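Trainee: I am sharing protein-v5.cif, which consists of mmCIF, C-alpha atoms:
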```cif
data_work
loop_
_atom_site.label_atom_id
_atom_site.label_comp_id
_atom_site.auth_asym_id
_atom_site.auth_seq_id
_atom_site.Cartn_x
_atom_site.Cartn_y
_atom_site.Cartn_z
CA MET T 1 149.45 127.61 45.65
CA GLN T 2 151.15 125.92 42.73
CA LYS T 3 154.27 127.56 41.34
CA LEU T 4 156.33 127.45 38.17
CA GLY T 5 159.81 128.41 39.34
CA ASP T 6 159.20 131.66 41.19
CA PHE T 7 155.98 132.34 39.32
CA LYS T 8 152.73 132.01 41.27
CA LEU T 9 150.08 130.29 39.21
CA PRO T 10 146.48 131.49 39.40
CA HIS T 11 143.71 129.27 40.82
CA PHE T 12 142.10 128.59 37.48
CA PHE T 13 145.25 126.77 36.36
CA ASN T 14 144.20 123.94 38.67
CA TYR T 15 140.61 123.78 37.46
CA PRO T 16 140.44 121.15 34.68
CA PRO T 17 137.73 122.70 32.43
CA TYR T 18 139.92 125.72 31.76
CA PHE T 19 142.07 123.39 29.64
CA THR T 20 139.14 122.60 27.33
CA LEU T 21 137.88 125.26 24.92
CA GLN T 22 134.45 126.24 26.22
CA PRO T 23 131.60 126.09 23.68
CA VAL T 24 129.41 128.73 25.36
CA ARG T 25 130.33 132.26 24.27
CA ASP T 26 130.28 134.08 27.61
CA THR T 27 132.16 131.32 29.35
CA ARG T 28 134.76 131.16 26.58
CA GLU T 29 135.31 134.92 26.71
CA LYS T 30 136.00 134.70 30.43
CA GLN T 31 138.28 131.71 29.84
CA ALA T 32 140.24 133.51 27.09
CA GLN T 33 140.59 136.58 29.31
CA LEU T 34 142.16 134.55 32.11
CA TRP T 35 144.57 132.78 29.74
CA LYS T 36 145.59 136.02 28.03
CA GLU T 37 146.45 137.60 31.36
CA LEU T 38 148.33 134.50 32.48
CA ILE T 39 150.38 134.30 29.28
CA LEU T 40 151.38 137.98 29.44
CA ASP T 41 152.21 137.86 33.17
CA TYR T 42 154.22 134.69 32.85
CA CYS T 43 156.18 135.82 29.78
CA ARG T 44 156.97 139.13 31.43
CA SER T 45 158.20 137.55 34.64
CA GLN T 46 160.31 134.98 32.78
CA LYS T 47 161.36 137.35 29.98
CA ILE T 48 159.94 135.07 27.32
CA PHE T 49 159.39 136.68 23.92
CA VAL T 50 158.56 133.78 21.66
CA ILE T 51 156.12 130.93 22.19
CA GLY T 52 156.31 127.98 19.81
CA LEU T 53 152.91 126.36 19.54
CA GLU T 54 154.26 122.92 18.87
CA GLU T 55 156.94 123.00 21.52
CA ASP T 56 156.57 122.21 25.19
CA PHE T 57 155.61 125.35 27.03
CA PRO T 58 155.19 125.08 30.81
CA LEU T 59 151.98 127.09 30.86
CA PHE T 60 150.19 124.87 28.40
CA THR T 61 150.38 121.74 30.51
CA ASN T 62 149.49 121.17 34.14
CA PRO T 63 150.90 117.81 35.23
CA VAL T 64 149.22 118.07 38.64
CA ILE T 65 145.73 117.75 37.16
CA GLU T 66 146.92 115.99 34.00
CA ARG T 67 145.54 118.49 31.56
CA THR T 68 147.06 120.01 28.40
CA LEU T 69 145.77 122.78 26.17
CA SER T 70 144.91 121.49 22.72
CA HIS T 71 146.64 123.00 19.70
CA GLU T 72 143.37 124.68 18.80
CA ALA T 73 143.02 126.22 22.25
CA ARG T 74 146.60 127.55 22.16
CA GLN T 75 145.88 129.14 18.81
CA VAL T 76 142.61 130.68 20.01
CA PHE T 77 144.16 132.33 23.08
CA LEU T 78 147.25 133.59 21.25
CA SER T 79 145.11 134.89 18.36
CA ALA T 80 143.10 136.82 20.94
CA LEU T 81 146.34 138.44 22.12
CA VAL T 82 147.31 139.16 18.49
CA SER T 83 143.99 140.91 17.88
CA GLU T 84 144.67 143.14 20.87
CA GLY T 85 148.13 144.07 19.67
CA ARG T 86 149.80 142.17 22.51
CA ALA T 87 151.29 139.49 20.26
CA GLU T 88 152.19 138.85 16.62
CA TRP T 89 152.35 135.72 14.54
CA MET T 90 155.90 135.25 13.28
CA ASP T 91 155.01 132.92 10.40
CA LYS T 92 152.09 132.23 8.12
CA GLY T 93 151.47 128.81 9.61
CA HIS T 94 150.93 130.36 13.06
CA LYS T 95 153.48 128.10 14.70
CA LYS T 96 155.48 130.82 16.41
CA CYS T 97 154.16 133.79 18.28
CA LEU T 98 155.96 136.92 19.44
CA ILE T 99 154.62 138.04 22.81
CA LEU T 100 154.51 141.77 23.44
CA TRP T 101 153.99 142.13 27.17
CA LEU T 102 155.17 145.63 26.46
CA ARG T 103 153.93 147.10 23.19
CA ILE T 104 156.58 148.30 20.71
CA GLN T 105 155.69 151.87 21.71
CA ASP T 106 156.29 151.04 25.38
CA TRP T 107 159.64 149.44 24.55
CA ALA T 108 160.62 152.60 22.64
CA ASP T 109 159.79 154.70 25.74
CA CYS T 110 161.77 152.26 27.81
CA ILE T 111 164.82 152.75 25.58
CA LEU T 112 164.48 156.53 25.75
CA ASN T 113 164.42 156.40 29.56
CA PHE T 114 167.46 154.16 29.52
CA VAL T 115 169.32 156.61 27.23
CA LYS T 116 168.40 159.53 29.48
CA GLU T 117 169.35 157.84 32.73
CA ASN T 118 172.74 156.79 31.41
CA GLY T 119 173.49 160.04 29.60
CA LEU T 120 173.82 158.25 26.28
CA GLU T 121 172.39 161.08 24.18
CA ASP T 122 174.56 161.71 21.10
CA SER T 123 176.57 158.58 21.68
CA VAL T 124 176.71 155.43 19.59
CA MET T 125 175.89 151.95 20.87
CA THR T 126 175.67 148.61 19.16
CA VAL T 127 172.32 146.90 19.27
CA GLU T 128 173.92 144.03 21.13
CA GLU T 129 175.17 146.43 23.83
CA ILE T 130 171.63 147.53 24.53
CA ARG T 131 170.57 143.91 25.05
CA SER T 132 173.49 142.71 27.11
CA GLY T 133 175.70 145.66 28.06
CA ILE T 134 176.56 146.60 31.64
CA GLU T 135 174.27 149.63 31.55
CA SER T 136 171.19 147.60 30.81
CA ARG T 137 171.83 144.98 33.46
CA GLY T 138 168.91 144.77 35.88
CA THR T 139 166.65 146.86 33.65
CA GLU T 140 163.72 145.61 31.62
CA LEU T 141 165.95 145.91 28.51
CA ALA T 142 168.35 143.19 29.62
CA GLY T 143 167.89 140.19 27.35
CA ILE T 144 165.25 141.87 25.17
CA ASP T 145 164.38 139.95 22.04
CA ARG T 146 166.35 141.17 19.03
CA THR T 147 163.32 141.50 16.77
CA VAL T 148 161.45 143.50 19.39
CA LEU T 149 164.46 145.73 20.03
CA THR T 150 164.99 146.41 16.32
CA ARG T 151 161.30 147.26 15.91
CA ALA T 152 161.43 149.69 18.83
CA LEU T 153 164.60 151.32 17.47
CA ARG T 154 162.98 151.70 14.04
CA LEU T 155 160.05 153.43 15.68
CA LEU T 156 162.47 155.82 17.39
CA GLU T 157 164.20 156.39 14.04
CA GLN T 158 160.86 157.30 12.46
CA LYS T 159 160.35 159.86 15.19
CA GLY T 160 163.82 161.28 14.60
CA LYS T 161 165.12 160.22 18.00
CA ALA T 162 167.66 157.66 16.80
CA THR T 163 169.66 156.72 13.73
CA ILE T 164 170.44 153.11 12.89
CA PHE T 165 173.70 152.24 11.13
CA LYS T 166 173.90 149.09 9.12
CA GLY T 167 177.07 147.15 9.81
CA THR T 168 178.63 144.37 7.81
CA SER T 169 176.77 141.73 9.83
CA ALA T 170 173.71 141.73 12.05
CA ASP T 171 175.95 141.75 15.11
CA ASP T 172 177.51 145.11 14.56
CA GLU T 173 174.43 147.16 13.82
CA GLY T 174 174.83 150.44 15.61
CA VAL T 175 172.51 153.10 16.82
CA LYS T 176 172.99 156.77 17.62
CA PHE T 177 170.53 158.50 19.90
CA SER T 178 169.72 162.16 19.41
CA ALA T 179 169.28 164.53 22.30
CA MET G 1 80.85 136.61 107.00
CA ARG G 2 77.43 135.98 108.39
CA ARG G 3 74.75 136.60 105.84
CA ARG G 4 72.38 139.35 106.84
CA PRO G 5 69.15 140.02 105.03
CA GLY G 6 67.93 143.39 103.85
CA ILE G 7 69.24 146.45 102.05
CA SER G 8 72.15 147.04 104.39
CA GLY G 9 73.37 143.51 103.73
CA LEU G 10 73.38 144.11 99.96
CA GLN G 11 75.17 147.42 100.44
CA THR G 12 77.87 145.82 102.53
CA ALA G 13 78.38 143.13 99.92
CA ALA G 14 78.65 145.77 97.12
CA ALA G 15 81.14 147.80 99.18
CA ALA G 16 83.23 144.70 99.78
CA ARG G 17 83.26 143.96 96.01
CA ASP G 18 84.45 147.52 95.32
CA GLN G 19 87.18 147.11 97.88
CA TYR G 20 88.36 143.88 96.30
CA ARG G 21 88.33 145.44 92.86
CA LEU G 22 90.39 148.39 94.02
CA LEU G 23 92.83 146.12 95.70
CA GLY G 24 93.09 143.99 92.58
CA GLU G 25 93.73 147.04 90.40
CA ASN G 26 96.41 148.18 92.80
CA VAL G 27 98.16 144.88 92.72
CA ALA G 28 98.04 144.80 88.94
CA LYS G 29 99.41 148.34 88.77
CA ILE G 30 102.21 147.50 91.13
CA ARG G 31 103.05 144.49 89.02
CA THR G 32 103.08 146.48 85.80
CA ASP G 33 105.24 149.16 87.35
CA LEU G 34 107.62 146.55 88.60
CA MET G 35 107.75 144.96 85.17
CA LYS G 36 108.34 148.35 83.52
CA GLU G 37 111.08 149.05 85.96
CA GLN G 38 112.67 145.70 85.31
CA LEU G 39 112.46 146.22 81.58
CA ALA G 40 114.02 149.67 81.89
CA THR G 41 116.82 148.24 84.00
CA PHE G 42 117.30 145.44 81.53
CA ARG G 43 117.36 147.78 78.60
CA SER G 44 119.83 150.13 80.22
CA GLN G 45 122.00 147.19 81.12
CA LEU G 46 121.84 145.84 77.59
CA GLU G 47 122.78 149.30 76.38
CA GLU G 48 125.61 149.49 78.82
CA PHE G 49 126.75 146.07 77.75
CA ALA G 50 126.63 147.04 74.10
CA ARG G 51 128.47 150.27 74.79
CA LYS G 52 131.10 148.52 76.84
CA HIS G 53 131.70 145.79 74.27
CA LYS G 54 131.17 147.96 71.23
CA ASN G 55 134.58 147.17 69.83
CA ASP G 56 134.24 143.45 70.41
CA ILE G 57 130.85 143.44 68.73
CA ARG G 58 132.19 145.26 65.72
CA LYS G 59 135.41 143.36 65.36
CA ASN G 60 134.79 139.84 66.52
CA PRO G 61 132.36 137.89 64.33
CA ALA G 62 131.76 135.15 66.92
CA PHE G 63 130.96 137.70 69.60
CA ARG G 64 128.72 139.56 67.18
CA SER G 65 126.79 136.41 66.42
CA GLN G 66 126.27 135.74 70.14
CA PHE G 67 125.14 139.28 70.70
CA HIS G 68 122.57 138.90 67.92
CA GLU G 69 121.34 135.69 69.49
CA MET G 70 120.97 137.35 72.86
CA CYS G 71 119.07 140.25 71.36
CA ALA G 72 116.79 137.89 69.45
CA LYS G 73 115.88 136.08 72.67
CA VAL G 74 114.64 139.25 74.32
CA GLY G 75 112.94 140.50 71.18
CA VAL G 76 115.33 143.29 70.29
CA ASP G 77 116.41 143.61 66.65
CA PRO G 78 119.47 145.82 66.38
CA LEU G 79 118.99 145.89 62.60
CA ALA G 80 115.31 146.81 62.63
CA SER G 81 115.97 150.42 61.88
CA ASN G 82 119.09 152.04 60.64
CA LYS G 83 118.18 155.15 62.55
CA GLY G 84 117.40 153.35 65.76
CA PHE G 85 119.32 153.58 68.93
CA TRP G 86 121.29 150.39 68.31
CA ALA G 87 122.43 151.41 64.90
CA GLU G 88 123.59 154.75 66.22
CA LEU G 89 125.32 153.20 69.14
CA LEU G 90 127.07 150.42 67.29
CA GLY G 91 127.05 151.44 63.68
CA ILE G 92 125.88 147.88 63.09
CA GLY G 93 123.14 148.82 60.66
CA ASP G 94 125.58 150.52 58.34
CA PHE G 95 127.90 147.56 58.65
CA TYR G 96 125.31 145.17 57.25
CA TYR G 97 124.10 147.50 54.54
CA GLU G 98 127.68 147.98 53.40
CA LEU G 99 128.18 144.22 53.50
CA GLY G 100 125.02 143.74 51.46
CA VAL G 101 126.27 146.04 48.74
CA GLN G 102 129.61 144.25 48.66
CA ILE G 103 127.90 140.86 48.43
CA VAL G 104 125.86 141.99 45.44
CA GLU G 105 129.03 143.32 43.81
CA ILE G 106 130.85 140.03 44.33
CA CYS G 107 127.91 138.04 42.97
CA LEU G 108 127.83 140.13 39.83
CA ALA G 109 131.60 140.07 39.38
CA THR G 110 131.83 136.29 39.67
CA ARG G 111 128.72 135.58 37.63
CA SER G 112 130.60 134.81 34.42
CA HIS G 113 132.76 132.40 36.37
CA ASN G 114 130.15 130.57 38.45
CA GLY G 115 127.04 131.22 36.40
CA GLY G 116 125.37 133.18 39.16
CA LEU G 117 125.42 130.67 41.99
CA ILE G 118 127.98 131.03 44.69
CA ASN G 119 128.99 128.88 47.61
CA LEU G 120 128.42 130.72 50.88
CA GLN G 121 131.89 129.82 52.10
CA GLU G 122 133.51 131.14 48.95
CA LEU G 123 131.45 134.30 49.10
CA CYS G 124 132.70 134.79 52.62
CA THR G 125 136.33 134.30 51.59
CA LEU G 126 135.96 136.79 48.74
CA LEU G 127 134.30 139.27 51.09
CA CYS G 128 137.20 139.02 53.51
CA GLN G 129 139.72 139.51 50.69
CA ARG G 130 137.80 142.55 49.52
CA ARG G 131 137.62 143.99 52.99
CA LYS G 132 141.27 143.34 53.72
CA THR G 133 141.78 147.00 54.47
CA ALA G 134 138.83 147.20 56.82
CA ARG G 135 139.86 146.02 60.26
CA ASP G 136 136.80 144.02 61.13
CA SER G 137 136.46 140.47 59.87
CA VAL G 138 133.28 138.87 58.54
CA SER G 139 131.70 135.50 59.33
CA GLU G 140 129.22 133.40 57.39
CA ASP G 141 126.64 134.43 59.98
CA ASP G 142 127.27 138.07 59.04
CA CYS G 143 126.85 137.21 55.35
CA LEU G 144 123.50 135.60 56.03
CA ARG G 145 122.33 138.56 58.08
CA ALA G 146 123.39 140.99 55.39
CA ILE G 147 121.65 138.89 52.73
CA SER G 148 118.45 138.79 54.76
CA LYS G 149 118.66 142.58 54.87
CA LEU G 150 118.72 142.48 51.07
CA LYS G 151 115.30 140.85 51.39
CA LYS G 152 116.39 137.89 49.29
CA LYS G 153 117.06 134.54 50.80
CA LEU G 154 118.92 133.06 47.83
CA VAL G 155 122.16 134.42 46.43
CA ARG G 156 121.21 133.70 42.87
CA SER G 157 121.85 136.13 40.07
CA VAL G 158 120.96 133.88 37.10
CA PRO G 159 117.79 134.82 35.28
CA THR G 160 116.57 131.24 34.75
CA GLU G 161 114.70 129.27 37.36
CA LEU G 162 116.47 126.13 38.45
CA ASN G 163 114.08 123.21 38.23
CA LYS G 164 114.18 119.93 40.11
CA ASP G 165 116.37 118.24 37.50
CA HIS G 166 118.94 121.04 37.61
CA ASN G 167 119.05 120.90 41.37
CA ALA G 168 119.47 117.12 41.36
CA ILE G 169 122.55 117.48 39.18
CA LEU G 170 123.98 120.30 41.26
CA GLU G 171 123.57 118.12 44.32
CA LEU G 172 125.28 115.20 42.63
CA ALA G 173 128.12 117.46 41.53
CA GLN G 174 128.82 118.45 45.09
CA ALA G 175 130.72 115.23 45.68
CA HIS G 176 133.57 115.92 43.26
CA GLY G 177 132.79 119.26 41.67
CA TYR G 178 131.79 117.61 38.40
CA VAL G 179 129.54 114.91 36.91
CA THR G 180 129.59 112.80 33.75
CA VAL G 181 126.54 111.81 31.70
CA GLU G 182 127.12 108.24 32.81
CA GLU G 183 127.11 109.18 36.50
CA VAL G 184 123.90 111.14 36.13
CA GLU G 185 122.15 108.24 34.41
CA LYS G 186 123.33 105.76 37.00
CA GLN G 187 122.85 107.78 40.17
CA LEU G 188 119.58 109.48 39.28
CA LEU G 189 118.22 106.62 37.17
CA TRP G 190 117.56 108.96 34.28
CA SER G 191 117.39 108.23 30.56
CA SER G 192 120.40 109.32 28.55
CA GLY G 193 118.35 112.02 26.81
CA ARG G 194 117.17 113.55 30.07
CA ALA G 195 120.72 113.64 31.45
CA VAL G 196 122.21 115.21 28.31
CA ASP G 197 119.41 117.77 27.99
CA THR G 198 119.71 118.93 31.56
CA LEU G 199 123.49 119.13 31.42
CA GLU G 200 123.38 121.08 28.15
CA THR G 201 120.93 123.56 29.67
CA LEU G 202 123.18 124.12 32.67
CA LEU G 203 126.12 124.55 30.26
CA LYS G 204 124.27 127.16 28.18
CA GLU G 205 123.30 129.04 31.32
CA GLY G 206 126.97 129.37 32.17
CA LEU G 207 126.60 127.30 35.35
CA SER G 208 128.79 124.54 34.04
CA MET G 209 132.04 124.12 32.10
CA ILE G 210 133.03 121.10 30.04
CA ASP G 211 136.30 119.23 30.46
CA ASP G 212 137.37 116.82 27.73
CA GLY G 213 140.91 116.44 29.00
CA HIS G 214 140.68 113.39 31.24
CA ARG G 215 142.53 110.33 30.05
CA ASP G 216 139.40 108.14 30.24
CA GLY G 217 138.01 110.29 27.43
CA LYS G 218 134.72 110.93 29.22
CA ARG G 219 133.42 114.46 29.18
CA ARG G 220 133.14 115.99 32.61
CA TYR G 221 130.73 118.78 33.44
CA TRP G 222 132.26 120.95 36.13
CA PHE G 223 130.27 123.31 38.30
CA PRO G 224 132.32 126.25 39.53
CA CYS G 225 129.45 127.17 41.84
CA VAL G 226 129.75 124.02 43.95
CA ALA G 227 133.51 123.94 44.30
CA SER G 228 136.11 126.65 44.26
CA ALA G 229 139.13 126.06 42.04
CA SER G 230 141.34 125.18 44.97
CA ALA G 231 138.86 122.69 46.38
CA ALA G 232 138.46 121.09 42.95
CA LEU G 233 142.10 120.14 42.96
CA GLY G 234 141.68 118.31 46.22
CA SER G 235 138.63 116.34 45.11
CA GLU G 236 140.25 115.39 41.81
CA ALA G 237 143.34 114.16 43.61
CA LEU G 238 141.20 112.13 46.01
CA LYS G 239 139.33 110.44 43.21
CA THR G 240 142.29 109.22 41.17
#
```
Mind converting the file's structure to structure tokens?
Mentor:
Amino acid sequence: MQKLGDFKLPHFFNYPPYFTLQPVRDTREKQAQLWKELILDYCRSQKIFVIGLEEDFPLFTNPVIERTLSHEARQVFLSALVSEGRAEWMDKGHKKCLILWLRIQDWADCILNFVKENGLEDSVMTVEEIRSGIESRGTELAGIDRTVLTRALRLLEQKGKATIFKGTSADDEGVKFSA
Amino acid sequence: MRRRPGISGLQTAAAARDQYRLLGENVAKIRTDLMKEQLATFRSQLEEFARKHKNDIRKNPAFRSQFHEMCAKVGVDPLASNKGFWAELLGIGDFYYELGVQIVEICLATRSHNGGLINLQELCTLLCQRRKTARDSVSEDDCLRAISKLKKKLVRSVPTELNKDHNAILELAQAHGYVTVEEVEKQLLWSSGRAVDTLETLLKEGLSMIDDGHRDGKRRYWFPCVASASAALGSEALKT
């Protein structure tokens, strides 16, 4: 079984036609399904939040069978994730894609659990602390993308479970969790 | 016997014939009885054997296959009836019916991937994966038996008939898992139109997938049904 770092690649990754967009509808649906799952699994395991379509991305090329996904194919599979709410285009030109292996709602739940487990209700944290503080080490929150984190915090704010304080710079944004 | 004339001579001859007939019937009866007895002994011994090796038969596919062979030789079909003695004793009938259901499930689940044709070996591997929790393993022989119980000899779940042209291409594809238009023309001595038409039909039926990624720029038509993804890697590596 081929591996990328510690990530086990699925069988289809070694089957050349999966790197060519299939013209027949049923076959393409199956193909897109496999790629969507692979992209989400890989990003989750490697904590990757952003995929640049024009940059080298290990999943899009398999040197062993000498195949690379075309730009069109990359866009088709990522668009499929976008339409399912598991990704978002970050620019109009569709060159960068934010991957949501957890939906914003799931990230918000994740933060609430984190707050509960560490008894952080009614206390103030900086946004940076949530990403890289000692408390979050080893949890899913460690190294979370800033955009994703901010979006999850805003969702919590809307629900009245957190208050965000604007600081003088982006680095010292703070957040207070309510009990 | 000296031949004597007259009525008494005829009577003696008739009596002798009756005697012979009786004797003959006796001998035949003794033979039949003996045969019946032997059969009964044989059957009870086969039963005893089956009972004694029940676990081996259920768990060991090679042993199971040999047992089937032995039964076939003496005209016993353990699968003939699910309610029969053998099924009750070994639970073998249920085993194959269960297997049959699982085979159908696998065929349907992999249809979008292989277009409805599956390699027996791959089917067997998938069956084993599926049955990981069950203790007994499954051989290709078991698959075939279960399929024959499904009363269908071919594991094909595509609606279209495969014609001679389709089969010729599938056969050609077995070498490397794929073919190119050029290969088909050359190997089968077909016109370009015939090759393209047939390949396009197989593509539309979901039996084939195209691959435009090779550096020689020639489109390859892959057939997931003739090679599993892992085997494809090997053949590709061998070819380059």
Trainee: Got a sec to resolve the PyMOL selection byres ((chain T and resi 4) around 12) on this structure and send the residues as number ranges by chain?
Mentor: T: 1-3, 5-10, 13, 42-43, 45-46, 57-64
Trainee: Provide as a ChimeraX atom specification the residues of chain T at most 12 Å from chain G, counting only C-alpha atoms.
Mentor: /T:1-2,9-34,61-70
Trainee: Restricting it to C-alpha atoms, dump the selection as an mmCIF file, in the frame of the given file.
Mentor:
```cif
data_model
loop_
_atom_site.group_PDB
_atom_site.id
_atom_site.type_symbol
_atom_site.label_atom_id
_atom_site.label_comp_id
_atom_site.auth_asym_id
_atom_site.auth_seq_id
_atom_site.Cartn_x
_atom_site.Cartn_y
_atom_site.Cartn_z
ATOM 1 C CA MET T 1 149.450 127.610 45.650
ATOM 2 C CA GLN T 2 151.150 125.920 42.730
ATOM 3 C CA LEU T 9 150.080 130.290 39.210
ATOM 4 C CA PRO T 10 146.480 131.490 39.400
ATOM 5 C CA HIS T 11 143.710 129.270 40.820
ATOM 6 C CA PHE T 12 142.100 128.590 37.480
ATOM 7 C CA PHE T 13 145.250 126.770 36.360
ATOM 8 C CA ASN T 14 144.200 123.940 38.670
ATOM 9 C CA TYR T 15 140.610 123.780 37.460
ATOM 10 C CA PRO T 16 140.440 121.150 34.680
ATOM 11 C CA PRO T 17 137.730 122.700 32.430
ATOM 12 C CA TYR T 18 139.920 125.720 31.760
ATOM 13 C CA PHE T 19 142.070 123.390 29.640
ATOM 14 C CA THR T 20 139.140 122.600 27.330
ATOM 15 C CA LEU T 21 137.880 125.260 24.920
ATOM 16 C CA GLN T 22 134.450 126.240 26.220
ATOM 17 C CA PRO T 23 131.600 126.090 23.680
ATOM 18 C CA VAL T 24 129.410 128.730 25.360
ATOM 19 C CA ARG T 25 130.330 132.260 24.270
ATOM 20 C CA ASP T 26 130.280 134.080 27.610
ATOM 21 C CA THR T 27 132.160 131.320 29.350
ATOM 22 C CA ARG T 28 134.760 131.160 26.580
ATOM 23 C CA GLU T 29 135.310 134.920 26.710
ATOM 24 C CA LYS T 30 136.000 134.700 30.430
ATOM 25 C CA GLN T 31 138.280 131.710 29.840
ATOM 26 C CA ALA T 32 140.240 133.510 27.090
ATOM 27 C CA GLN T 33 140.590 136.580 29.310
ATOM 28 C CA LEU T 34 142.160 134.550 32.110
ATOM 29 C CA THR T 61 150.380 121.740 30.510
ATOM 30 C CA ASN T 62 149.490 121.170 34.140
ATOM 31 C CA PRO T 63 150.900 117.810 35.230
ATOM 32 C CA VAL T 64 149.220 118.070 38.640
ATOM 33 C CA ILE T 65 145.730 117.750 37.160
ATOM 34 C CA GLU T 66 146.920 115.990 34.000
ATOM 35 C CA ARG T 67 145.540 118.490 31.560
ATOM 36 C CA THR T 68 147.060 120.010 28.400
ATOM 37 C CA LEU T 69 145.770 122.780 26.170
ATOM 38 C CA SER T 70 144.910 121.490 22.720
#
```
Trainee: Of the residues G:Ala109, G:Leu10, G:Cys71, G:Cys143, which is the one nearest to Thr125 in chain G, using all atoms listed in the file?
Mentor: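 Checking each of G:Ala109, G:Leu10, G:Cys71, G:Cys143 against Thr125 in chain G, counting all atoms listed in the file, the winner is G:Cys143.
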Trainee: Just the residues within 10 Å of range 115-130 of chain T, please, counting only C-alpha atoms, with nothing from its chain fewer than 2 positions along; format it as a ChimeraX atom specification.
Mentor: /T:109-113,132-137,141-144,146,149-150,153,161-165,167,170-179
Trainee: What is the distance, in Å and to one decimal place, between CA of Glu48 in chain G and CA of Arg31 in chain G?
Mentor: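 That distance, rounded to one decimal, is 25.3 Å.
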Trainee: Using the file's own x, y and z axes, so that the box edges lie along x, y and z, what centre and edge lengths in Å (one decimal) does a box around every listed atom of range 42-60 of chain T get when 6 Å is added on each side? Give it as JSON.
Mentor:
```
{"center_x": 155.8, "center_y": 130.7, "center_z": 26.8, "size_x": 23.2, "size_y": 28.9, "size_z": 27.8}
```
Trainee: Please report the interatomic distance between CA of Gly24 in chain G and CA of Gly9 in chain G in Å with one decimal.
Mentor: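 Separation between CA of Gly24 in chain G and CA of Gly9 in chain G: 22.7 Å.
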Trainee: Provide the CA of Gln102 in chain G to CA of Arg131 in chain G distance in Å, to one decimal place.
Mentor: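 CA of Gln102 in chain G sits 9.1 Å away from CA of Arg131 in chain G.
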Trainee: Missing atoms in range 130-140 of chain T need filling: write out N, CA, C and O atoms for it as a PDB file, in the frame of the given file.
Mentor:
```
ATOM      1  N   ILE T 130     172.884 147.183  23.859  1.00  0.00           N
ATOM      2  CA  ILE T 130     171.630 147.530  24.530  1.00  0.00           C
ATOM      3  C   ILE T 130     171.022 146.289  25.188  1.00  0.00           C
ATOM      4  O   ILE T 130     170.479 146.349  26.287  1.00  0.00           O
ATOM      5  N   ARG T 131     171.165 145.150  24.539  1.00  0.00           N
ATOM      6  CA  ARG T 131     170.570 143.910  25.050  1.00  0.00           C
ATOM      7  C   ARG T 131     171.348 143.344  26.227  1.00  0.00           C
ATOM      8  O   ARG T 131     170.774 142.785  27.163  1.00  0.00           O
ATOM      9  N   SER T 132     172.702 143.457  26.126  1.00  0.00           N
ATOM     10  CA  SER T 132     173.490 142.710  27.110  1.00  0.00           C
ATOM     11  C   SER T 132     174.622 143.504  27.733  1.00  0.00           C
ATOM     12  O   SER T 132     175.466 142.943  28.426  1.00  0.00           O
ATOM     13  N   GLY T 133     174.636 144.838  27.490  1.00  0.00           N
ATOM     14  CA  GLY T 133     175.700 145.660  28.060  1.00  0.00           C
ATOM     15  C   GLY T 133     175.542 145.846  29.562  1.00  0.00           C
ATOM     16  O   GLY T 133     174.512 145.488  30.140  1.00  0.00           O
ATOM     17  N   ILE T 134     176.583 146.397  30.180  1.00  0.00           N
ATOM     18  CA  ILE T 134     176.560 146.600  31.640  1.00  0.00           C
ATOM     19  C   ILE T 134     175.450 147.565  32.036  1.00  0.00           C
ATOM     20  O   ILE T 134     174.775 147.390  33.040  1.00  0.00           O
ATOM     21  N   GLU T 135     175.260 148.605  31.209  1.00  0.00           N
ATOM     22  CA  GLU T 135     174.270 149.630  31.550  1.00  0.00           C
ATOM     23  C   GLU T 135     172.857 149.051  31.669  1.00  0.00           C
ATOM     24  O   GLU T 135     172.054 149.511  32.477  1.00  0.00           O
ATOM     25  N   SER T 136     172.566 148.085  30.823  1.00  0.00           N
ATOM     26  CA  SER T 136     171.190 147.600  30.810  1.00  0.00           C
ATOM     27  C   SER T 136     170.949 146.492  31.838  1.00  0.00           C
ATOM     28  O   SER T 136     169.823 146.062  32.044  1.00  0.00           O
ATOM     29  N   ARG T 137     171.992 146.061  32.488  1.00  0.00           N
ATOM     30  CA  ARG T 137     171.830 144.980  33.460  1.00  0.00           C
ATOM     31  C   ARG T 137     170.815 145.375  34.552  1.00  0.00           C
ATOM     32  O   ARG T 137     170.875 146.488  35.063  1.00  0.00           O
ATOM     33  N   GLY T 138     169.890 144.489  34.837  1.00  0.00           N
ATOM     34  CA  GLY T 138     168.910 144.770  35.880  1.00  0.00           C
ATOM     35  C   GLY T 138     167.747 145.628  35.407  1.00  0.00           C
ATOM     36  O   GLY T 138     166.814 145.878  36.143  1.00  0.00           O
ATOM     37  N   THR T 139     167.801 146.111  34.167  1.00  0.00           N
ATOM     38  CA  THR T 139     166.650 146.860  33.650  1.00  0.00           C
ATOM     39  C   THR T 139     165.802 145.913  32.818  1.00  0.00           C
ATOM     40  O   THR T 139     166.198 144.794  32.522  1.00  0.00           O
ATOM     41  N   GLU T 140     164.645 146.412  32.421  1.00  0.00           N
ATOM     42  CA  GLU T 140     163.720 145.610  31.620  1.00  0.00           C
ATOM     43  C   GLU T 140     164.356 145.267  30.264  1.00  0.00           C
ATOM     44  O   GLU T 140     164.013 144.291  29.625  1.00  0.00           O
TER      45      GLU T 140
END
```
